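Chemist: I'm passing along data38.cif; it holds mmCIF, C-alpha atoms.
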```cif
data_protein
loop_
_atom_site.label_atom_id
_atom_site.label_comp_id
_atom_site.auth_asym_id
_atom_site.auth_seq_id
_atom_site.Cartn_x
_atom_site.Cartn_y
_atom_site.Cartn_z
CA MET A 630 158.79 -27.41 74.40
CA ALA A 631 155.73 -26.21 72.53
CA LYS A 632 154.93 -29.81 71.58
CA GLN A 633 155.05 -30.87 75.24
CA LYS A 634 152.64 -28.03 76.23
CA SER A 635 150.25 -29.03 73.44
CA THR A 636 150.32 -32.65 74.60
CA ALA A 637 149.66 -31.61 78.22
CA VAL A 638 146.66 -29.46 77.19
CA GLN A 639 145.24 -32.29 75.08
CA THR A 640 145.67 -34.77 77.96
CA SER A 641 143.89 -32.38 80.34
CA ALA A 642 141.00 -31.97 77.88
CA ASP A 643 140.68 -35.74 77.44
CA THR A 644 140.65 -36.20 81.22
CA LEU A 645 137.79 -33.70 81.59
CA LYS A 646 135.81 -35.47 78.87
CA LYS A 647 136.12 -38.81 80.66
CA LYS A 648 134.72 -37.38 83.90
CA GLY A 649 131.00 -38.00 83.99
CA PRO A 650 128.16 -36.13 85.74
CA MET A 651 128.79 -38.02 89.02
CA TYR A 652 132.23 -36.43 89.32
CA TYR A 653 130.78 -32.92 89.27
CA LEU A 654 127.87 -33.98 91.50
CA LYS A 655 130.29 -35.21 94.16
CA ARG A 656 132.57 -32.22 93.79
CA ASP A 657 129.85 -29.54 94.00
CA TRP A 658 127.16 -31.38 95.97
CA GLN A 659 126.61 -28.41 98.29
CA LEU A 660 125.61 -26.22 95.35
CA TYR A 661 123.21 -28.87 94.04
CA VAL A 662 121.59 -29.17 97.48
CA LEU A 663 121.08 -25.40 97.57
CA MET A 664 119.47 -25.63 94.14
CA LEU A 665 116.89 -28.27 95.21
CA LEU A 666 114.43 -25.87 96.87
CA PRO A 667 114.21 -23.28 94.03
CA MET A 668 114.01 -26.11 91.48
CA ALA A 669 111.16 -27.72 93.43
CA PHE A 670 109.39 -24.35 93.53
CA ILE A 671 109.71 -23.94 89.75
CA ILE A 672 108.54 -27.48 89.02
CA VAL A 673 105.51 -27.32 91.34
CA PHE A 674 104.31 -23.78 90.67
CA LYS A 675 105.43 -23.37 87.05
CA TYR A 676 105.29 -26.76 85.31
CA PHE A 677 102.65 -28.62 87.34
CA ALA A 678 100.43 -25.54 86.98
CA TYR A 679 100.20 -26.19 83.23
CA THR A 680 97.66 -28.94 83.92
CA GLY A 681 95.27 -26.20 85.00
CA LEU A 682 95.19 -24.82 81.46
CA SER A 683 92.74 -27.57 80.56
CA VAL A 684 90.10 -25.53 82.43
CA ALA A 685 90.04 -23.16 79.43
CA PHE A 686 88.51 -25.97 77.35
CA LEU A 687 86.06 -27.26 79.98
CA ASP A 688 82.77 -26.16 81.46
CA TYR A 689 84.62 -26.33 84.74
CA LYS A 690 82.80 -27.05 87.99
CA ILE A 691 84.77 -27.25 91.22
CA GLY A 692 82.70 -30.13 92.55
CA LYS A 693 83.26 -32.22 89.41
CA GLY A 694 86.95 -31.45 88.98
CA TYR A 695 88.92 -31.79 85.75
CA ALA A 696 87.71 -35.30 84.95
CA GLY A 697 84.03 -34.67 85.65
CA SER A 698 83.71 -31.30 83.91
CA LYS A 699 82.33 -31.30 80.37
CA PHE A 700 84.76 -30.69 77.51
CA VAL A 701 83.47 -27.79 75.37
CA GLY A 702 86.45 -27.12 73.09
CA LEU A 703 86.79 -23.47 72.01
CA LYS A 704 83.35 -22.36 73.18
CA VAL A 705 84.84 -20.73 76.26
CA PHE A 706 87.13 -18.62 74.07
CA GLU A 707 84.16 -17.60 71.91
CA LYS A 708 82.34 -16.52 75.05
CA VAL A 709 85.39 -14.55 76.23
CA PHE A 710 85.89 -12.78 72.90
CA LYS A 711 82.22 -11.76 72.77
CA HIS A 712 82.18 -10.40 76.32
CA ARG A 713 81.48 -6.66 76.53
CA ASP A 714 84.63 -5.98 78.57
CA PHE A 715 87.05 -7.98 76.41
CA THR A 716 87.70 -5.33 73.74
CA LYS A 717 88.06 -2.62 76.35
CA ALA A 718 90.47 -4.74 78.40
CA VAL A 719 92.66 -5.50 75.37
CA ALA A 720 92.67 -1.84 74.27
CA ASN A 721 93.55 -0.56 77.75
CA THR A 722 96.24 -3.21 78.23
CA LEU A 723 97.89 -2.28 74.93
CA LEU A 724 97.59 1.44 75.65
CA LEU A 725 99.18 1.26 79.10
CA ASN A 726 101.97 -1.06 77.97
CA ILE A 727 102.75 0.92 74.82
CA LEU A 728 103.01 4.09 76.92
CA ASP A 729 105.31 2.24 79.30
CA LEU A 730 107.37 1.07 76.32
CA ILE A 731 107.67 4.59 74.91
CA PHE A 732 108.43 6.44 78.16
CA SER A 733 109.62 3.88 80.72
CA PHE A 734 111.87 1.73 78.54
CA PRO A 735 114.37 4.46 77.51
CA MET A 736 114.70 5.91 81.03
CA PRO A 737 116.99 3.18 82.51
CA ILE A 738 119.26 3.52 79.48
CA ILE A 739 119.48 7.30 79.84
CA LEU A 740 119.96 6.99 83.59
CA ALA A 741 122.70 4.37 83.19
CA LEU A 742 124.55 6.63 80.74
CA LEU A 743 124.32 9.54 83.19
CA LEU A 744 125.46 7.42 86.15
CA ASN A 745 128.38 6.15 84.10
CA GLU A 746 129.60 9.73 83.69
CA ILE A 747 129.74 10.37 87.46
CA ARG A 748 133.36 10.25 88.56
CA VAL A 749 132.90 10.78 92.33
CA LYS A 750 132.54 7.18 93.54
CA TRP A 751 130.75 7.81 96.87
CA PHE A 752 128.22 10.10 95.21
CA LYS A 753 127.63 7.54 92.46
CA ARG A 754 127.01 4.74 94.99
CA VAL A 755 124.61 6.82 97.09
CA THR A 756 122.71 7.88 93.96
CA GLN A 757 122.43 4.30 92.72
CA THR A 758 121.15 3.10 96.10
CA LEU A 759 118.49 5.81 96.25
CA LEU A 760 117.40 5.02 92.70
CA TYR A 761 117.12 1.27 93.44
CA LEU A 762 114.94 1.71 96.54
CA PRO A 763 111.54 2.24 94.78
CA HIS A 764 111.84 -1.22 93.20
CA PHE A 765 111.68 -2.84 96.65
CA LEU A 766 108.57 -0.94 97.75
CA SER A 767 105.21 -2.68 97.61
CA TRP A 768 102.69 -1.19 95.20
CA VAL A 769 100.34 -0.87 98.16
CA VAL A 770 102.85 1.49 99.80
CA ILE A 771 103.45 3.34 96.52
CA GLY A 772 99.71 3.72 95.93
CA ALA A 773 99.08 5.06 99.43
CA THR A 774 101.99 7.48 99.07
CA ALA A 775 100.72 8.61 95.65
CA TYR A 776 97.26 9.39 97.02
CA ALA A 777 98.80 11.26 99.96
CA MET A 778 100.93 13.37 97.59
CA PHE A 779 98.47 13.91 94.74
CA ALA A 780 95.13 14.25 96.60
CA THR A 781 93.16 17.15 95.12
CA ASN A 782 92.44 19.00 98.37
CA SER A 783 95.07 17.86 100.86
CA GLY A 784 97.91 16.46 98.73
CA VAL A 785 101.39 17.94 99.06
CA VAL A 786 101.71 18.62 95.31
CA ASN A 787 98.32 20.31 94.99
CA THR A 788 98.95 22.34 98.12
CA LEU A 789 102.10 23.74 96.50
CA ILE A 790 100.19 24.38 93.26
CA ALA A 791 97.42 26.20 95.19
CA ASN A 792 99.99 28.28 97.09
CA ALA A 793 101.45 29.31 93.74
CA GLY A 794 98.02 30.67 92.77
CA HIS A 795 96.87 27.90 90.43
CA SER A 796 93.90 25.54 90.55
CA PRO A 797 94.46 22.05 92.00
CA ILE A 798 95.02 19.26 89.47
CA PRO A 799 93.03 16.00 89.86
CA PHE A 800 96.04 13.74 89.21
CA LEU A 801 94.28 10.52 90.30
CA GLN A 802 90.62 11.59 90.06
CA GLU A 803 90.21 12.20 86.31
CA ASP A 804 90.91 9.64 83.61
CA ALA A 805 93.37 11.68 81.52
CA TRP A 806 95.36 12.83 84.58
CA TRP A 807 95.19 9.31 86.04
CA LEU A 808 96.83 7.97 82.87
CA PHE A 809 99.57 10.60 83.13
CA SER A 810 100.15 9.80 86.82
CA TYR A 811 100.15 6.04 86.12
CA VAL A 812 102.96 6.35 83.58
CA LEU A 813 104.93 8.85 85.69
CA ILE A 814 104.80 6.72 88.84
CA GLY A 815 105.75 3.64 86.81
CA ILE A 816 108.84 5.41 85.44
CA TRP A 817 109.89 6.43 88.96
CA GLN A 818 109.41 2.90 90.32
CA THR A 819 111.24 0.99 87.56
CA MET A 820 113.97 3.20 86.13
CA GLY A 821 116.51 2.76 88.94
CA TRP A 822 116.37 -1.04 88.99
CA GLY A 823 116.53 -1.22 85.20
CA THR A 824 119.89 0.56 85.18
CA ILE A 825 121.63 -2.45 86.75
CA ILE A 826 121.74 -4.45 83.52
CA TYR A 827 122.82 -1.49 81.41
CA LEU A 828 125.54 -0.44 83.85
CA ALA A 829 126.84 -4.02 83.82
CA ALA A 830 126.92 -3.91 80.02
CA ILE A 831 128.72 -0.56 80.05
CA THR A 832 131.46 -1.91 82.34
CA ASN A 833 132.29 -4.50 79.64
CA VAL A 834 133.00 -1.82 77.04
CA ASN A 835 136.66 -1.87 76.05
CA SER A 836 138.40 1.20 77.53
CA GLU A 837 140.66 1.36 74.48
CA LEU A 838 137.65 2.43 72.41
CA TYR A 839 137.23 5.50 74.62
CA GLU A 840 140.95 6.26 74.34
CA ALA A 841 140.76 6.04 70.56
CA ALA A 842 137.70 8.32 70.57
CA LYS A 843 139.58 10.87 72.70
CA VAL A 844 142.49 10.82 70.28
CA ASP A 845 140.04 11.56 67.47
CA GLY A 846 138.80 14.58 69.43
CA ALA A 847 135.47 13.17 70.66
CA ASN A 848 133.98 14.86 73.71
CA ARG A 849 132.05 13.04 76.48
CA TRP A 850 128.73 13.31 74.64
CA GLN A 851 130.23 11.99 71.39
CA GLN A 852 131.92 9.11 73.24
CA CYS A 853 128.58 8.20 74.77
CA LEU A 854 126.81 8.40 71.41
CA HIS A 855 129.39 6.65 69.22
CA VAL A 856 131.07 4.25 71.66
CA THR A 857 128.89 3.41 74.66
CA LEU A 858 125.51 3.09 72.93
CA PRO A 859 126.74 0.91 70.02
CA CYS A 860 128.56 -1.38 72.47
CA ILE A 861 125.44 -1.98 74.59
CA ARG A 862 123.07 -2.20 71.61
CA SER A 863 122.71 -5.99 71.87
CA THR A 864 121.69 -5.66 75.54
CA ILE A 865 119.13 -3.00 74.63
CA VAL A 866 117.70 -5.25 71.89
CA VAL A 867 117.34 -8.22 74.26
CA MET A 868 115.59 -6.06 76.88
CA LEU A 869 113.33 -4.60 74.19
CA ILE A 870 112.32 -8.08 73.03
CA MET A 871 111.46 -9.05 76.60
CA GLN A 872 109.46 -5.85 77.01
CA LEU A 873 107.53 -6.48 73.79
CA GLY A 874 106.52 -9.86 75.18
CA LYS A 875 104.73 -8.04 78.00
CA LEU A 876 102.56 -5.87 75.74
CA MET A 877 99.53 -8.04 76.47
CA GLY A 878 100.42 -8.41 80.14
CA GLY A 879 100.65 -5.60 82.65
CA SER A 880 100.99 -5.09 86.36
CA PHE A 881 97.86 -6.09 88.25
CA GLU A 882 99.21 -4.69 91.54
CA ARG A 883 100.08 -1.33 89.99
CA ILE A 884 96.59 -0.79 88.57
CA VAL A 885 94.77 -1.92 91.71
CA ALA A 886 96.98 0.26 93.95
CA LEU A 887 96.20 3.36 91.88
CA SER A 888 92.53 2.58 91.16
CA ASN A 889 89.58 4.56 92.51
CA ALA A 890 85.88 5.03 91.83
CA LYS A 891 86.32 8.34 89.96
CA ALA A 892 88.87 7.26 87.34
CA THR A 893 87.76 4.02 85.72
CA GLU A 894 88.31 4.50 81.98
CA PHE A 895 91.72 2.82 81.81
CA THR A 896 91.66 0.46 84.81
CA THR A 897 89.93 -2.44 83.04
CA THR A 898 92.86 -4.47 81.72
CA ILE A 899 93.40 -8.16 81.02
CA PRO A 900 95.01 -9.01 84.42
CA VAL A 901 92.24 -7.12 86.25
CA LEU A 902 89.54 -8.85 84.20
CA VAL A 903 91.08 -12.28 84.88
CA TYR A 904 91.01 -11.52 88.60
CA LYS A 905 87.40 -10.28 88.54
CA TRP A 906 86.19 -13.33 86.62
CA PHE A 907 88.05 -15.64 88.97
CA GLN A 908 86.39 -13.91 91.92
CA GLY A 909 83.03 -14.42 90.22
CA ASN A 910 83.68 -18.19 89.91
CA LYS A 911 84.16 -17.88 86.14
CA PHE A 912 87.14 -20.20 86.23
CA SER A 913 86.97 -21.31 82.59
CA GLU A 914 86.67 -17.75 81.29
CA SER A 915 89.50 -16.40 83.45
CA THR A 916 91.79 -19.28 82.45
CA ALA A 917 90.95 -18.84 78.76
CA LEU A 918 91.68 -15.11 78.94
CA GLY A 919 94.97 -15.74 80.75
CA LEU A 920 95.96 -18.35 78.16
CA PHE A 921 95.09 -15.96 75.33
CA GLN A 922 97.28 -13.30 76.95
CA SER A 923 100.21 -15.71 77.32
CA VAL A 924 100.00 -17.02 73.74
CA ILE A 925 100.00 -13.48 72.31
CA GLY A 926 102.99 -12.67 74.51
CA VAL A 927 104.95 -15.67 73.19
CA ILE A 928 104.08 -14.75 69.59
CA LEU A 929 105.30 -11.18 70.15
CA VAL A 930 108.58 -12.41 71.66
CA ILE A 931 109.25 -14.82 68.77
CA ALA A 932 108.31 -12.22 66.13
CA SER A 933 110.45 -9.46 67.66
CA ASP A 934 113.35 -11.89 68.07
CA ARG A 935 113.24 -12.81 64.38
CA VAL A 936 113.08 -9.14 63.39
CA ALA A 937 116.12 -8.42 65.59
CA LYS A 938 118.08 -11.27 63.99
CA LYS A 939 117.22 -10.04 60.49
CA LEU A 940 118.60 -6.64 61.50
CA GLY A 941 121.89 -8.28 62.45
CA GLU A 942 121.45 -8.57 66.23
CA ASP A 943 121.92 -11.73 68.29
CA GLY A 944 118.34 -11.75 69.56
CA LEU A 945 117.04 -13.61 72.58
CA LEU A 946 116.23 -17.14 71.37
#
```
Could you show the structure in this file as structure tokens?
Modeler:
Amino acid sequence: MAKQKSTAVQTSADTLKKKGPMYYLKRDWQLYVLMLLPMAFIIVFKYFAYTGLSVAFLDYKIGKGYAGSKFVGLKVFEKVFKHRDFTKAVANTLLLNILDLIFSFPMPIILALLLNEIRVKWFKRVTQTLLYLPHFLSWVVIGATAYAMFATNSGVVNTLIANAGHSPIPFLQEDAWWLFSYVLIGIWQTMGWGTIIYLAAITNVNSELYEAAKVDGANRWQQCLHVTLPCIRSTIVVMLIMQLGKLMGGSFERIVALSNAKATEFTTTIPVLVYKWFQGNKFSESTALGLFQSVIGVILVIASDRVAKKLGEDGLL
């Protein structure tokens, strides 16, 4: 009987091997049709766009195009690196992203662990929904709301502070307070959405591990520390690697939405500088700076992935 089952399984496997790509194309053609539009979008706006990187090595003129513009090699990069705003943009970009890494990255993990401990299902669902909502808000809306809440004279927060007998705090009007507000608003906007991946990872934890921990006398905190966190460690490592790849990036919309004329110390970042140069018809410089940013990001991802693998994790690549 066992021999017959083994033969049947082998026959089924051989049959699947003989079926070529056309078999699956005919069987699931509706899914492939649905995939055409997003694939076309990726090809046109992601891969075809790579041809524009040649601008970083040209003295690009719109009227002359790619072919007519003079090839200047790395001179554009030399010009970018010597620009007075380059060092400031790199320093501010690293500062803002490192602060996000320190304060924003752990929050979804902590929040996911807390949500996992909620046993009332309806309350858990309502809480998750409310926490996800900020992710879907435009940064324009978030910025306008932030200025309405944190305005020095008329903001809701400063009105409460003044009623309590204290001096108003210039949350968005002084550089140091602007930096604090930038990080705080970023945590609020991203932490709810980031919990989705960690909650999904937590659901895959074997329930028998919790039962064994209970038998050993572990309380809820100890179960979280010694069971849940070790089981989702690989997910945390992958997300950390992806976050490290963004250290030289940053959110252009977030900075612009929270910018103002009074707090300007930390608002000059690489994405903002690329946009300003592009507005000023400095196409070669803006492309070179964007390419520099992307290359550093790739290097950081590869380096952090190798470090993770040396520490025994699966890594990303």
Chemist: Could you work out how far atom CA of A:Ala685 lies from atom CA of A:Val930, giving the answer in Å with one decimal?
Modeler: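 A separation of 22.8 Å between them.
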Chemist: Rank A:Gln818, A:Thr716, A:Thr832, A:Thr680 by their smallest atom-to-atom distance to A:Leu918, using only C-alpha atoms, and report the top residue only.
Modeler: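 For A:Leu918, the nearest of the candidates is A:Thr716.
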Chemist: Please determine, counting all atoms listed in the file, which residue among A:Leu742, A:Leu801, A:Ala841, A:Ala718 has the shortest atom-to-atom distance to A:Ala892.
Modeler: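 With all atoms listed in the file as the atom set, the closest residue is A:Leu801.
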Chemist: The PyMOL selection byres ((chain A and resi 864) around 12) - which residues does that actually catch in the file I just gave you? List them as number ranges by chain.
Modeler: A: 738, 823-831, 833, 857-863, 865-871, 937, 942-945
Chemist: So that I can see what lies close to A:Ile691, please list as a ChimeraX atom specification the residues with an atom at most 10 Å from it, counting all atoms listed in the file and leaving out residues fewer than 3 positions away in the same chain.
Modeler: /A:694-695,697-698,910,912
Chemist: Could you please determine the separation between atom CA of A:Phe734 and atom CA of A:Lys891 in Å, to one decimal place?
Modeler: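 If I compute the distance from atom CA of A:Phe734 to atom CA of A:Lys891, I get 28.8 Å.
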Chemist: Quick one: of A:Tyr839, A:Phe921, A:Tyr776, A:Trp768, who's nearest to A:Glu882, counting all atoms listed in the file?
Modeler: A:Trp768
Chemist: Rank nothing, just name the residue among A:Met651, A:Glu803, A:Ala847, A:Arg748 nearest to A:Ala890, using all atoms listed in the file.
Modeler: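 That would be A:Glu803, the residue with the smallest distance to A:Ala890.
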Chemist: Can you give me, as a list in words, the residues this file yields under the PyMOL selection byres ((chain A and resi 915) around 8)?
Modeler: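 Answer for the PyMOL selection byres ((chain A and resi 915) around 8): Ala685, Leu902, Val903, Tyr904, Trp906, Phe907, Lys911, Phe912, Ser913, Glu914, Thr916, Ala917, Leu918 and Gly919 of chain A.
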Chemist: Export C-alpha atoms of the chosen residues as a PDB file, in the coordinates of the input?
Modeler:
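So selection_19.pdb came out as:
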```pdb
ATOM      1  CA  ALA A 685      90.040 -23.160  79.430  1.00  0.00           C
ATOM      2  CA  LEU A 902      89.540  -8.850  84.200  1.00  0.00           C
ATOM      3  CA  VAL A 903      91.080 -12.280  84.880  1.00  0.00           C
ATOM      4  CA  TYR A 904      91.010 -11.520  88.600  1.00  0.00           C
ATOM      5  CA  TRP A 906      86.190 -13.330  86.620  1.00  0.00           C
ATOM      6  CA  PHE A 907      88.050 -15.640  88.970  1.00  0.00           C
ATOM      7  CA  LYS A 911      84.160 -17.880  86.140  1.00  0.00           C
ATOM      8  CA  PHE A 912      87.140 -20.200  86.230  1.00  0.00           C
ATOM      9  CA  SER A 913      86.970 -21.310  82.590  1.00  0.00           C
ATOM     10  CA  GLU A 914      86.670 -17.750  81.290  1.00  0.00           C
ATOM     11  CA  THR A 916      91.790 -19.280  82.450  1.00  0.00           C
ATOM     12  CA  ALA A 917      90.950 -18.840  78.760  1.00  0.00           C
ATOM     13  CA  LEU A 918      91.680 -15.110  78.940  1.00  0.00           C
ATOM     14  CA  GLY A 919      94.970 -15.740  80.750  1.00  0.00           C
TER      15      GLY A 919
END
```
Chemist: When you count only C-alpha atoms, which of these residues is closest to A:Asn835: A:Val856, A:Tyr661, A:Gly702, A:Val770?
Modeler: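 For A:Asn835, the nearest of the candidates is A:Val856.
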Chemist: Looking at all atoms listed in the file, which of A:Ser836, A:Gln851, A:Val927, A:Gly815 is the one that sits closest to A:Arg883?
Modeler: A:Gly815
Chemist: Take every atom of stretch 800-807 of chain A listed in the file, fit an axis-aligned box around them, add 6 Å per side, and give the centre and edge lengths in Å to one decimal as lines of an AutoDock Vina configuration file.
Modeler:
```
center_x = 93.1
center_y = 11.5
center_z = 85.9
size_x = 17.8
size_y = 16.4
size_z = 20.8
```
Chemist: At a cut-off of 12 Å, using all atoms listed in the file, what residues contact A:Lys843? Leave out same-chain residues fewer than 5 positions from it and give the result as a ChimeraX atom specification.
Modeler: /A:836-838,848-853,855-856
Chemist: Do a neighbour search on A:Ile771 at 9 Å with all atoms listed in the file, toss out local chain neighbours closer than 4 positions, and write the hits as a PDB file with C-alpha atoms, in the coordinates of the input.
Modeler:
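Printed below is part21.pdb as written:
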```pdb
ATOM      1  CA  PRO A 763     111.540   2.240  94.780  1.00  0.00           C
ATOM      2  CA  LEU A 766     108.570  -0.940  97.750  1.00  0.00           C
ATOM      3  CA  SER A 767     105.210  -2.680  97.610  1.00  0.00           C
ATOM      4  CA  ALA A 775     100.720   8.610  95.650  1.00  0.00           C
ATOM      5  CA  TYR A 776      97.260   9.390  97.020  1.00  0.00           C
ATOM      6  CA  ILE A 814     104.800   6.720  88.840  1.00  0.00           C
ATOM      7  CA  GLN A 818     109.410   2.900  90.320  1.00  0.00           C
ATOM      8  CA  ARG A 883     100.080  -1.330  89.990  1.00  0.00           C
ATOM      9  CA  ALA A 886      96.980   0.260  93.950  1.00  0.00           C
ATOM     10  CA  LEU A 887      96.200   3.360  91.880  1.00  0.00           C
TER      11      LEU A 887
END
```
Chemist: I'd like the contact shell of A:Thr897 - 12 Å cut-off, all atoms listed in the file, skipping same-chain residues fewer than 5 positions apart - returned as a list in words.
Modeler: Arg713, Asp714, Phe715, Thr716, Lys717, Ala718, Val719, Ala720, Asn721, Thr722, Leu723, Leu724, Leu725, Gly879, Ser880, Phe881, Ile884, Val885, Ser888, Asn889, Ala892, Leu902, Val903, Tyr904 and Lys905 of chain A
Chemist: I'd like the neighbourhood of A:Phe779 as JSON, numbers by chain, where a residue qualifies if any of its atoms comes within 12 Å (using all atoms listed in the file), though same-chain residues fewer than 4 positions away should be ignored.
Modeler: {"A": [771, 772, 773, 774, 775, 783, 784, 785, 786, 787, 788, 789, 790, 797, 798, 799, 800, 801, 802, 803, 806, 807, 810, 811, 814, 887]}
Chemist: Atom CA of A:Val834 to atom CA of A:Gly874: how many Å, to one decimal?
Modeler: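 Atom-to-atom, atom CA of A:Val834 to atom CA of A:Gly874, that is 27.7 Å.
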